[in-house]
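A.B. asks: Data: query10.pdb, PDB, C-alpha atoms.
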ATOM      1  CA  MET X   1      99.100  26.943 -16.632
ATOM      2  CA  LYS X   2      97.369  26.625 -13.245
ATOM      3  CA  PHE X   3     100.046  24.241 -11.958
ATOM      4  CA  SER X   4     102.805  26.730 -12.785
ATOM      5  CA  LYS X   5     100.902  29.527 -11.095
ATOM      6  CA  LYS X   6     100.652  27.437  -7.932
ATOM      7  CA  ILE X   7     104.399  26.780  -8.042
ATOM      8  CA  LEU X   8     105.144  30.498  -8.220
ATOM      9  CA  ALA X   9     102.600  31.472  -5.588
ATOM     10  CA  GLY X  10     103.943  28.795  -3.250
ATOM     11  CA  ALA X  11     107.545  29.896  -3.761
ATOM     12  CA  VAL X  12     106.723  33.545  -3.046
ATOM     13  CA  ALA X  13     104.642  32.642   0.003
ATOM     14  CA  ALA X  14     107.343  30.325   1.358
ATOM     15  CA  SER X  15     110.024  32.966   0.917
ATOM     16  CA  LEU X  16     107.937  35.606   2.656
ATOM     17  CA  ALA X  17     107.061  33.228   5.474
ATOM     18  CA  MET X  18     110.681  32.233   6.084
ATOM     19  CA  SER X  19     111.726  35.886   6.020
ATOM     20  CA  ALA X  20     109.075  36.759   8.550
ATOM     21  CA  PHE X  21     110.563  34.321  11.086
ATOM     22  CA  ALA X  22     114.194  35.291  10.420
ATOM     23  CA  PRO X  23     115.912  37.470  13.039
ATOM     24  CA  MET X  24     115.333  41.129  12.236
ATOM     25  CA  ALA X  25     119.079  41.749  12.619
ATOM     26  CA  ASN X  26     119.635  39.630   9.495
ATOM     27  CA  ALA X  27     116.881  41.244   7.461
ATOM     28  CA  GLU X  28     117.697  43.848   4.842
ATOM     29  CA  ILE X  29     115.640  46.063   2.567
ATOM     30  CA  SER X  30     117.359  47.528  -0.481
ATOM     31  CA  ALA X  31     116.325  49.512  -3.528
ATOM     32  CA  SER X  32     117.917  51.030  -6.604
ATOM     33  CA  ALA X  33     117.038  53.013  -9.709
ATOM     34  CA  GLY X  34     118.732  53.121 -13.088
ATOM     35  CA  VAL X  35     118.622  54.316 -16.661
ATOM     36  CA  ALA X  36     119.996  52.664 -19.813
ATOM     37  CA  SER X  37     120.393  53.894 -23.371
ATOM     38  CA  THR X  38     118.175  50.994 -24.516
ATOM     39  CA  TYR X  39     116.563  47.847 -23.085
ATOM     40  CA  LEU X  40     119.045  45.049 -23.845
ATOM     41  CA  TRP X  41     117.555  41.640 -22.972
ATOM     42  CA  ARG X  42     119.508  38.444 -23.567
ATOM     43  CA  GLY X  43     121.199  39.825 -26.681
ATOM     44  CA  LEU X  44     118.047  41.484 -28.060
ATOM     45  CA  ASP X  45     117.443  45.240 -28.246
ATOM     46  CA  LEU X  46     113.848  45.341 -26.986
ATOM     47  CA  GLY X  47     113.928  49.120 -26.800
ATOM     48  CA  SER X  48     114.901  49.754 -30.435
ATOM     49  CA  GLY X  49     117.258  52.454 -29.163
ATOM     50  CA  THR X  50     114.703  53.963 -26.757
ATOM     51  CA  PRO X  51     116.103  54.751 -23.269
ATOM     52  CA  ALA X  52     114.794  52.611 -20.423
ATOM     53  CA  VAL X  53     114.209  53.601 -16.801
ATOM     54  CA  SER X  54     114.150  50.837 -14.184
ATOM     55  CA  GLY X  55     113.960  50.308 -10.445
ATOM     56  CA  ASP X  56     113.833  47.513  -7.892
ATOM     57  CA  LEU X  57     112.851  46.867  -4.288
ATOM     58  CA  SER X  58     114.182  43.815  -2.423
ATOM     59  CA  TYR X  59     113.774  42.193   0.969
ATOM     60  CA  SER X  60     116.263  39.540   2.126
ATOM     61  CA  ALA X  61     116.819  37.523   5.291
ATOM     62  CA  GLY X  62     118.856  34.399   5.983
ATOM     63  CA  GLY X  63     119.577  33.719   2.317
ATOM     64  CA  PHE X  64     115.938  34.063   1.251
ATOM     65  CA  TYR X  65     114.871  37.093  -0.777
ATOM     66  CA  THR X  66     111.960  38.597  -2.668
ATOM     67  CA  THR X  67     112.330  41.250  -5.358
ATOM     68  CA  LEU X  68     110.028  43.512  -7.341
ATOM     69  CA  TRP X  69     111.639  44.970 -10.483
ATOM     70  CA  GLY X  70     110.079  47.301 -13.035
ATOM     71  CA  SER X  71     111.231  48.855 -16.293
ATOM     72  CA  SER X  72     110.076  50.954 -19.206
ATOM     73  CA  GLY X  73     111.682  50.864 -22.628
ATOM     74  CA  ASP X  74     110.231  47.680 -24.164
ATOM     75  CA  THR X  75     108.665  49.099 -27.322
ATOM     76  CA  GLY X  76     106.786  45.867 -28.106
ATOM     77  CA  ALA X  77     105.440  44.688 -24.749
ATOM     78  CA  GLY X  78     105.257  47.971 -22.821
ATOM     79  CA  THR X  79     106.092  48.508 -19.165
ATOM     80  CA  GLU X  80     107.398  45.380 -17.450
ATOM     81  CA  TRP X  81     107.032  44.236 -13.838
ATOM     82  CA  ASP X  82     108.969  41.219 -12.547
ATOM     83  CA  LEU X  83     108.273  39.478  -9.235
ATOM     84  CA  GLY X  84     110.871  37.028  -7.947
ATOM     85  CA  ALA X  85     111.593  34.919  -4.886
ATOM     86  CA  GLY X  86     114.611  32.765  -4.203
ATOM     87  CA  TYR X  87     117.395  31.514  -1.996
ATOM     88  CA  GLY X  88     121.155  31.918  -2.414
ATOM     89  CA  GLY X  89     124.401  31.406  -0.580
ATOM     90  CA  SER X  90     128.096  30.644  -0.877
ATOM     91  CA  ALA X  91     130.817  28.370   0.482
ATOM     92  CA  GLY X  92     134.369  29.433  -0.239
ATOM     93  CA  MET X  93     134.707  30.133  -3.973
ATOM     94  CA  PHE X  94     131.399  28.366  -4.732
ATOM     95  CA  SER X  95     128.102  30.276  -4.896
ATOM     96  CA  TYR X  96     124.555  29.272  -5.775
ATOM     97  CA  ASP X  97     121.133  30.837  -6.259
ATOM     98  CA  VAL X  98     117.740  29.319  -7.094
ATOM     99  CA  SER X  99     114.762  31.560  -7.832
ATOM    100  CA  VAL X 100     111.331  31.737  -9.480
ATOM    101  CA  TRP X 101     110.355  34.782 -11.548
ATOM    102  CA  ASN X 102     107.065  35.922 -12.999
ATOM    103  CA  TYR X 103     106.961  38.587 -15.740
ATOM    104  CA  MET X 104     103.954  40.888 -16.128
ATOM    105  CA  TYR X 105     103.072  43.557 -18.726
ATOM    106  CA  PRO X 106     100.129  45.628 -17.433
ATOM    107  CA  ASN X 107     100.043  47.875 -20.512
ATOM    108  CA  GLY X 108      99.183  44.938 -22.754
ATOM    109  CA  GLY X 109     101.379  45.314 -25.817
ATOM    110  CA  THR X 110     102.366  42.110 -27.580
ATOM    111  CA  MET X 111     102.746  40.090 -24.357
ATOM    112  CA  GLU X 112     100.222  38.409 -22.089
ATOM    113  CA  ASP X 113      99.833  40.322 -18.831
ATOM    114  CA  GLN X 114      98.139  37.704 -16.652
ATOM    115  CA  TYR X 115      99.852  36.625 -13.433
ATOM    116  CA  GLY X 116     101.588  33.290 -14.037
ATOM    117  CA  ASP X 117     101.436  33.349 -17.847
ATOM    118  CA  LEU X 118     105.171  33.952 -18.216
ATOM    119  CA  THR X 119     107.242  32.283 -15.506
ATOM    120  CA  GLU X 120     110.790  30.929 -15.207
ATOM    121  CA  VAL X 121     112.854  28.991 -12.697
ATOM    122  CA  ILE X 122     116.471  30.213 -12.651
ATOM    123  CA  VAL X 123     119.428  28.243 -11.290
ATOM    124  CA  ALA X 124     122.735  30.153 -11.052
ATOM    125  CA  LEU X 125     126.092  28.663 -10.009
ATOM    126  CA  GLY X 126     129.465  30.335  -9.543
ATOM    127  CA  LEU X 127     133.019  29.166  -8.965
ATOM    128  CA  GLY X 128     135.377  32.079  -8.423
ATOM    129  CA  PRO X 129     135.235  34.316 -11.514
ATOM    130  CA  VAL X 130     133.239  31.752 -13.558
ATOM    131  CA  SER X 131     129.435  31.641 -13.527
ATOM    132  CA  PHE X 132     126.722  29.528 -15.136
ATOM    133  CA  SER X 133     122.956  30.080 -15.202
ATOM    134  CA  TRP X 134     120.024  28.044 -16.483
ATOM    135  CA  TYR X 135     116.604  29.620 -17.165
ATOM    136  CA  GLU X 136     113.829  27.015 -17.346
ATOM    137  CA  ASN X 137     110.434  28.099 -18.647
ATOM    138  CA  ILE X 138     107.501  26.683 -16.662
ATOM    139  CA  ALA X 139     104.719  28.821 -18.127
ATOM    140  CA  ILE X 140     104.517  30.833 -21.326
ATOM    141  CA  GLU X 141     101.298  31.821 -23.080
ATOM    142  CA  GLY X 142     101.465  32.003 -26.871
ATOM    143  CA  GLY X 143     105.067  30.763 -27.023
ATOM    144  CA  ASP X 144     107.111  27.568 -27.189
ATOM    145  CA  GLU X 145     106.930  25.558 -23.962
ATOM    146  CA  SER X 146     110.401  24.097 -24.622
ATOM    147  CA  TYR X 147     112.155  27.486 -24.533
ATOM    148  CA  ARG X 148     115.317  27.632 -22.386
ATOM    149  CA  TYR X 149     118.155  30.095 -21.922
ATOM    150  CA  PHE X 150     121.699  29.400 -20.701
ATOM    151  CA  THR X 151     124.618  31.687 -19.856
ATOM    152  CA  LEU X 152     128.307  31.153 -19.179
ATOM    153  CA  GLY X 153     130.203  34.113 -17.748
ATOM    154  CA  TYR X 154     133.661  35.181 -16.625
ATOM    155  CA  GLY X 155     134.718  38.320 -14.755
ATOM    156  CA  THR X 156     138.101  39.887 -14.217
ATOM    157  CA  GLY X 157     138.511  43.296 -12.634
ATOM    158  CA  PRO X 158     136.091  45.785 -14.223
ATOM    159  CA  PHE X 159     135.544  43.538 -17.278
ATOM    160  CA  SER X 160     132.987  40.754 -17.675
ATOM    161  CA  PHE X 161     132.304  38.388 -20.551
ATOM    162  CA  MET X 162     129.131  36.363 -21.067
ATOM    163  CA  ILE X 163     127.874  33.933 -23.686
ATOM    164  CA  GLY X 164     124.087  33.477 -23.731
ATOM    165  CA  SER X 165     122.180  30.887 -25.749
ATOM    166  CA  HIS X 166     118.450  30.669 -26.544
ATOM    167  CA  THR X 167     117.147  27.162 -27.355
ATOM    168  CA  GLY X 168     113.845  25.361 -27.896
ATOM    169  CA  ASP X 169     111.967  28.048 -29.860
ATOM    170  CA  ASP X 170     112.595  27.972 -33.634
ATOM    171  CA  SER X 171     111.894  31.692 -33.981
ATOM    172  CA  ILE X 172     114.453  32.726 -31.367
ATOM    173  CA  GLU X 173     117.334  30.226 -31.406
ATOM    174  CA  PHE X 174     120.622  32.105 -31.279
ATOM    175  CA  THR X 175     123.800  32.680 -29.276
ATOM    176  CA  HIS X 176     125.190  36.069 -28.291
ATOM    177  CA  LEU X 177     128.351  37.418 -26.675
ATOM    178  CA  ASP X 178     128.255  40.335 -24.232
ATOM    179  CA  ILE X 179     131.361  42.236 -23.143
ATOM    180  CA  SER X 180     130.898  44.732 -20.311
ATOM    181  CA  TYR X 181     133.104  47.284 -18.615
ATOM    182  CA  ALA X 182     132.201  48.754 -15.214
ATOM    183  CA  TYR X 183     133.705  52.232 -15.014
ATOM    184  CA  ASN X 184     132.653  52.380 -11.364
ATOM    185  CA  ASP X 185     129.868  51.025  -9.132
ATOM    186  CA  ASN X 186     127.287  53.083 -11.020
ATOM    187  CA  LEU X 187     128.343  53.487 -14.659
ATOM    188  CA  SER X 188     128.847  50.595 -17.079
ATOM    189  CA  PHE X 189     129.155  49.957 -20.817
ATOM    190  CA  THR X 190     128.106  46.810 -22.699
ATOM    191  CA  PHE X 191     128.732  45.553 -26.228
ATOM    192  CA  SER X 192     126.461  42.728 -27.392
ATOM    193  CA  GLN X 193     126.859  40.724 -30.598
ATOM    194  CA  VAL X 194     124.900  37.777 -32.018
ATOM    195  CA  VAL X 195     127.550  35.207 -32.930
ATOM    196  CA  ASP X 196     125.365  32.347 -34.177
ATOM    197  CA  GLN X 197     121.732  31.828 -35.121
ATOM    198  CA  ASP X 198     119.609  29.229 -36.887
ATOM    199  CA  GLU X 199     117.903  30.292 -40.104
ATOM    200  CA  VAL X 200     114.139  29.820 -40.386
ATOM    201  CA  ASP X 201     112.329  28.537 -43.480
ATOM    202  CA  GLN X 202     109.924  31.224 -44.719
ATOM    203  CA  GLY X 203     108.257  30.512 -48.053
ATOM    204  CA  GLY X 204     111.029  28.190 -49.163
ATOM    205  CA  MET X 205     113.759  30.658 -48.194
ATOM    206  CA  LYS X 206     116.133  30.395 -45.277
ATOM    207  CA  VAL X 207     116.159  33.732 -43.439
ATOM    208  CA  LYS X 208     117.625  35.099 -40.220
ATOM    209  CA  THR X 209     115.047  36.332 -37.735
ATOM    210  CA  ILE X 210     117.393  37.994 -35.226
ATOM    211  CA  ASP X 211     119.057  41.376 -35.679
ATOM    212  CA  ASP X 212     122.782  40.598 -35.661
ATOM    213  CA  ASP X 213     124.049  44.199 -35.630
ATOM    214  CA  LEU X 214     126.496  45.101 -32.856
ATOM    215  CA  LYS X 215     124.626  46.659 -29.931
ATOM    216  CA  PHE X 216     126.084  49.185 -27.477
ATOM    217  CA  VAL X 217     124.424  50.099 -24.181
ATOM    218  CA  VAL X 218     125.351  52.660 -21.545
ATOM    219  CA  SER X 219     123.723  52.169 -18.147
ATOM    220  CA  TYR X 220     123.782  54.113 -14.893
ATOM    221  CA  SER X 221     122.341  52.986 -11.576
ATOM    222  CA  LEU X 222     122.145  54.333  -8.035
ATOM    223  CA  PRO X 223     121.210  52.680  -4.747
ATOM    224  CA  ILE X 224     118.299  54.325  -2.931
ATOM    225  CA  GLU X 225     119.106  54.829   0.749
TER     226      GLU X 225
END
Here is the file; what I need is its structure written in the form of structure tokens.

C.D. replies:
Amino acid sequence: MKFSKKILAGAVAASLAMSAFAPMANAEISASAGVASTYLWRGLDLGSGTPAVSGDLSYSAGGFYTTLWGSSGDTGAGTEWDLGAGYGGSAGMFSYDVSVWNYMYPNGGTMEDQYGDLTEVIVALGLGPVSFSWYENIAIEGGDESYRYFTLGYGTGPFSFMIGSHTGDDSIEFTHLDISYAYNDNLSFTFSQVVDQDEVDQGGMKVKTIDDDLKFVVSYSLPIE
């Protein structure tokens, strides 16, 4: 996946370079830390009920941004570090964001931990309370190259609703519904339910490969000044 690695490296370098020439008055550094009752990822409980601690550090200027995000709690892949770079903006009720993300697992686990082995391009669009996002895989070691993930969301007051769909990988093709309630800026609650999934043929039997039990997550986050 050398080509994909070059794409990511170029995107990060370009974002950093543009930020360096942006007026310092427009530059912003932000950070936050959080804890969740389990690591919920795209409708999957990767933490198996184990609490997860996470944190992020971001630099933004003129619409460009770079972010480093880390989390514990993934019982299969171990500690996760995500590096992203992108550009976003808005015009009236319309908003947009395009970014490139690389996912790394330095503890080994079941995932590859080489830089560039697991990379996605993410396009997110919003129109008022409605949002749509498209996650396009450009590098994945040991997985299906055709894997994609889509979301459609709607927010009203403290409530948000999101449908997410995994496609392209026979072992992980399913759709889930998440309903979240933000008690305040820090505390939130999420219910996640698999609403549809394709059965996989194993030894002549059609079986479900995704846990379709209702999942409940409590999360708390704080900005770091």

A.B. asks: Measuring atom to atom with all atoms listed in the file, identify which of X:Phe94, X:Ser72, X:Glu225, X:Val123 is nearest to Asn107 of chain X.

C.D. replies: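 Looking only at the distances to Asn107 of chain X, the closest residue turns out to be X:Ser72.
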
A.B. asks: Would you list the residues near (126.2, 29.6, -5.3) (no more than 8 Å away, in the coordinates of the file, using all atoms listed in the file) as a list in words?

C.D. replies: Gly88, Gly89, Ser90, Ala91, Phe94, Ser95, Tyr96, Asp97, Ala124, Leu125, Gly126 and Leu127 of chain X

A.B. asks: Using only C-alpha atoms, can you tell me which of X:Phe64, X:Trp41, X:Ser131, X:Pro51 comes closest to Glu28 of chain X?

C.D. replies: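 When distances to Glu28 of chain X are compared using only C-alpha atoms, the smallest one comes from X:Phe64.
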
A.B. asks: Do you know which residues are at most 7 Å from segment 179-185 of chain X counting all atoms listed in the file, after dropping those on the same chain fewer than 5 positions away, and could you put them as a ChimeraX atom specification?

C.D. replies: /X:158-162,190-192

A.B. asks: Please determine, counting only C-alpha atoms, which residue among X:Leu83, X:Ile163, X:Val100, X:Leu187 has the shortest atom-to-atom distance to Leu57 of chain X.

C.D. replies: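 For Leu57 of chain X, the nearest of the candidates is X:Leu83.
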
A.B. asks: To one decimal place, how far is atom CA of Met93 of chain X from atom CA of Ile122 of chain X in Å?

C.D. replies: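 Atom-to-atom, atom CA of Met93 of chain X to atom CA of Ile122 of chain X, that is 20.2 Å.
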
A.B. asks: Identify the residues around (113.9, 43.0, -28.2) within a radius of 12 Å, measuring from only C-alpha atoms in the coordinates stated by the file, and give them as a compact mmCIF listing (two decimals) with C-alpha atoms, keeping the file's coordinate frame.

C.D. replies:
# COMPACT_ATOMS: atom_id res chain seq x y z
CA THR X 38 118.18 50.99 -24.52
CA TYR X 39 116.56 47.85 -23.08
CA LEU X 40 119.04 45.05 -23.84
CA TRP X 41 117.56 41.64 -22.97
CA ARG X 42 119.51 38.44 -23.57
CA GLY X 43 121.20 39.83 -26.68
CA LEU X 44 118.05 41.48 -28.06
CA ASP X 45 117.44 45.24 -28.25
CA LEU X 46 113.85 45.34 -26.99
CA GLY X 47 113.93 49.12 -26.80
CA SER X 48 114.90 49.75 -30.44
CA GLY X 49 117.26 52.45 -29.16
CA THR X 50 114.70 53.96 -26.76
CA GLY X 73 111.68 50.86 -22.63
CA ASP X 74 110.23 47.68 -24.16
CA THR X 75 108.66 49.10 -27.32
CA GLY X 76 106.79 45.87 -28.11
CA ALA X 77 105.44 44.69 -24.75
CA GLY X 78 105.26 47.97 -22.82
CA THR X 110 102.37 42.11 -27.58
CA ILE X 172 114.45 32.73 -31.37
CA THR X 209 115.05 36.33 -37.74
CA ILE X 210 117.39 37.99 -35.23
CA ASP X 211 119.06 41.38 -35.68
CA ASP X 212 122.78 40.60 -35.66
CA LYS X 215 124.63 46.66 -29.93

A.B. asks: Looking at X:Ser37, X:Ser60, X:Thr79, X:Ser54, which one is nearest to Phe189 of chain X, with distances taken over all atoms listed in the file?

C.D. replies: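 With all atoms listed in the file as the atom set, the closest residue is X:Ser37.
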
A.B. asks: Mind pulling up the distance from atom CA of Gly55 of chain X to atom CA of Ser30 of chain X?

C.D. replies: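 A separation of 10.9 Å between them.
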
A.B. asks: Could you tell me, as a PyMOL selection string, exactly which residues end up selected when the PyMOL selection byres ((chain X and resi 59) around 10) is applied to this structure?

C.D. replies: chain X and resi 15-16+19+27-31+57-58+60-61+64-68+85

A.B. asks: Store the residues picked out above, limited to C-alpha atoms, as a PDB file, in the frame of the given file.

C.D. replies:
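Saved to selection_26.pdb:
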ATOM      1  CA  SER X  15     110.024  32.966   0.917  1.00  0.00           C
ATOM      2  CA  LEU X  16     107.937  35.606   2.656  1.00  0.00           C
ATOM      3  CA  SER X  19     111.726  35.886   6.020  1.00  0.00           C
ATOM      4  CA  ALA X  27     116.881  41.244   7.461  1.00  0.00           C
ATOM      5  CA  GLU X  28     117.697  43.848   4.842  1.00  0.00           C
ATOM      6  CA  ILE X  29     115.640  46.063   2.567  1.00  0.00           C
ATOM      7  CA  SER X  30     117.359  47.528  -0.481  1.00  0.00           C
ATOM      8  CA  ALA X  31     116.325  49.512  -3.528  1.00  0.00           C
ATOM      9  CA  LEU X  57     112.851  46.867  -4.288  1.00  0.00           C
ATOM     10  CA  SER X  58     114.182  43.815  -2.423  1.00  0.00           C
ATOM     11  CA  SER X  60     116.263  39.540   2.126  1.00  0.00           C
ATOM     12  CA  ALA X  61     116.819  37.523   5.291  1.00  0.00           C
ATOM     13  CA  PHE X  64     115.938  34.063   1.251  1.00  0.00           C
ATOM     14  CA  TYR X  65     114.871  37.093  -0.777  1.00  0.00           C
ATOM     15  CA  THR X  66     111.960  38.597  -2.668  1.00  0.00           C
ATOM     16  CA  THR X  67     112.330  41.250  -5.358  1.00  0.00           C
ATOM     17  CA  LEU X  68     110.028  43.512  -7.341  1.00  0.00           C
ATOM     18  CA  ALA X  85     111.593  34.919  -4.886  1.00  0.00           C
TER      19      ALA X  85
END

A.B. asks: Taking the file as shown, what set of residues would the PyMOL selection byres ((chain X and resi 148-154) around 6) give back, as a list in words?

C.D. replies: Pro129, Val130, Ser131, Phe132, Ser133, Trp134, Tyr135, Glu136, Tyr147, Gly155, Ser160, Phe161, Met162, Ile163, Gly164, Ser165, His166 and Thr167 of chain X

A.B. asks: From the options X:Ser32, X:Ser188, X:Thr175, X:Asn26, which residue's atoms come nearest to Ile224 of chain X, counting all atoms listed in the file?

C.D. replies: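 The shortest atom-to-atom distance to Ile224 of chain X comes from X:Ser32.
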
A.B. asks: Please report the interatomic distance between atom CA of Tyr103 of chain X and atom CA of Glu145 of chain X in Å with one decimal.

C.D. replies: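 Here the two named atoms are 15.4 Å from each other.
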
A.B. asks: Of the candidates X:Asp198, X:Asp169, X:Gly86, X:Gly92, which shows the shortest atom-to-atom distance to Gly62 of chain X, using all atoms listed in the file?

C.D. replies: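 Comparing X:Asp198, X:Asp169, X:Gly86, X:Gly92 against Gly62 of chain X, the winner is X:Gly86.
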
A.B. asks: Please provide the set of residues having any atom within 8 Å of Asn186 of chain X, restricted to all atoms listed in the file, with same-chain residues fewer than 6 positions apart removed, written as a list in words.

C.D. replies: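 Here the qualifying residues turn out to be Tyr220, Ser221 and Leu222 of chain X.
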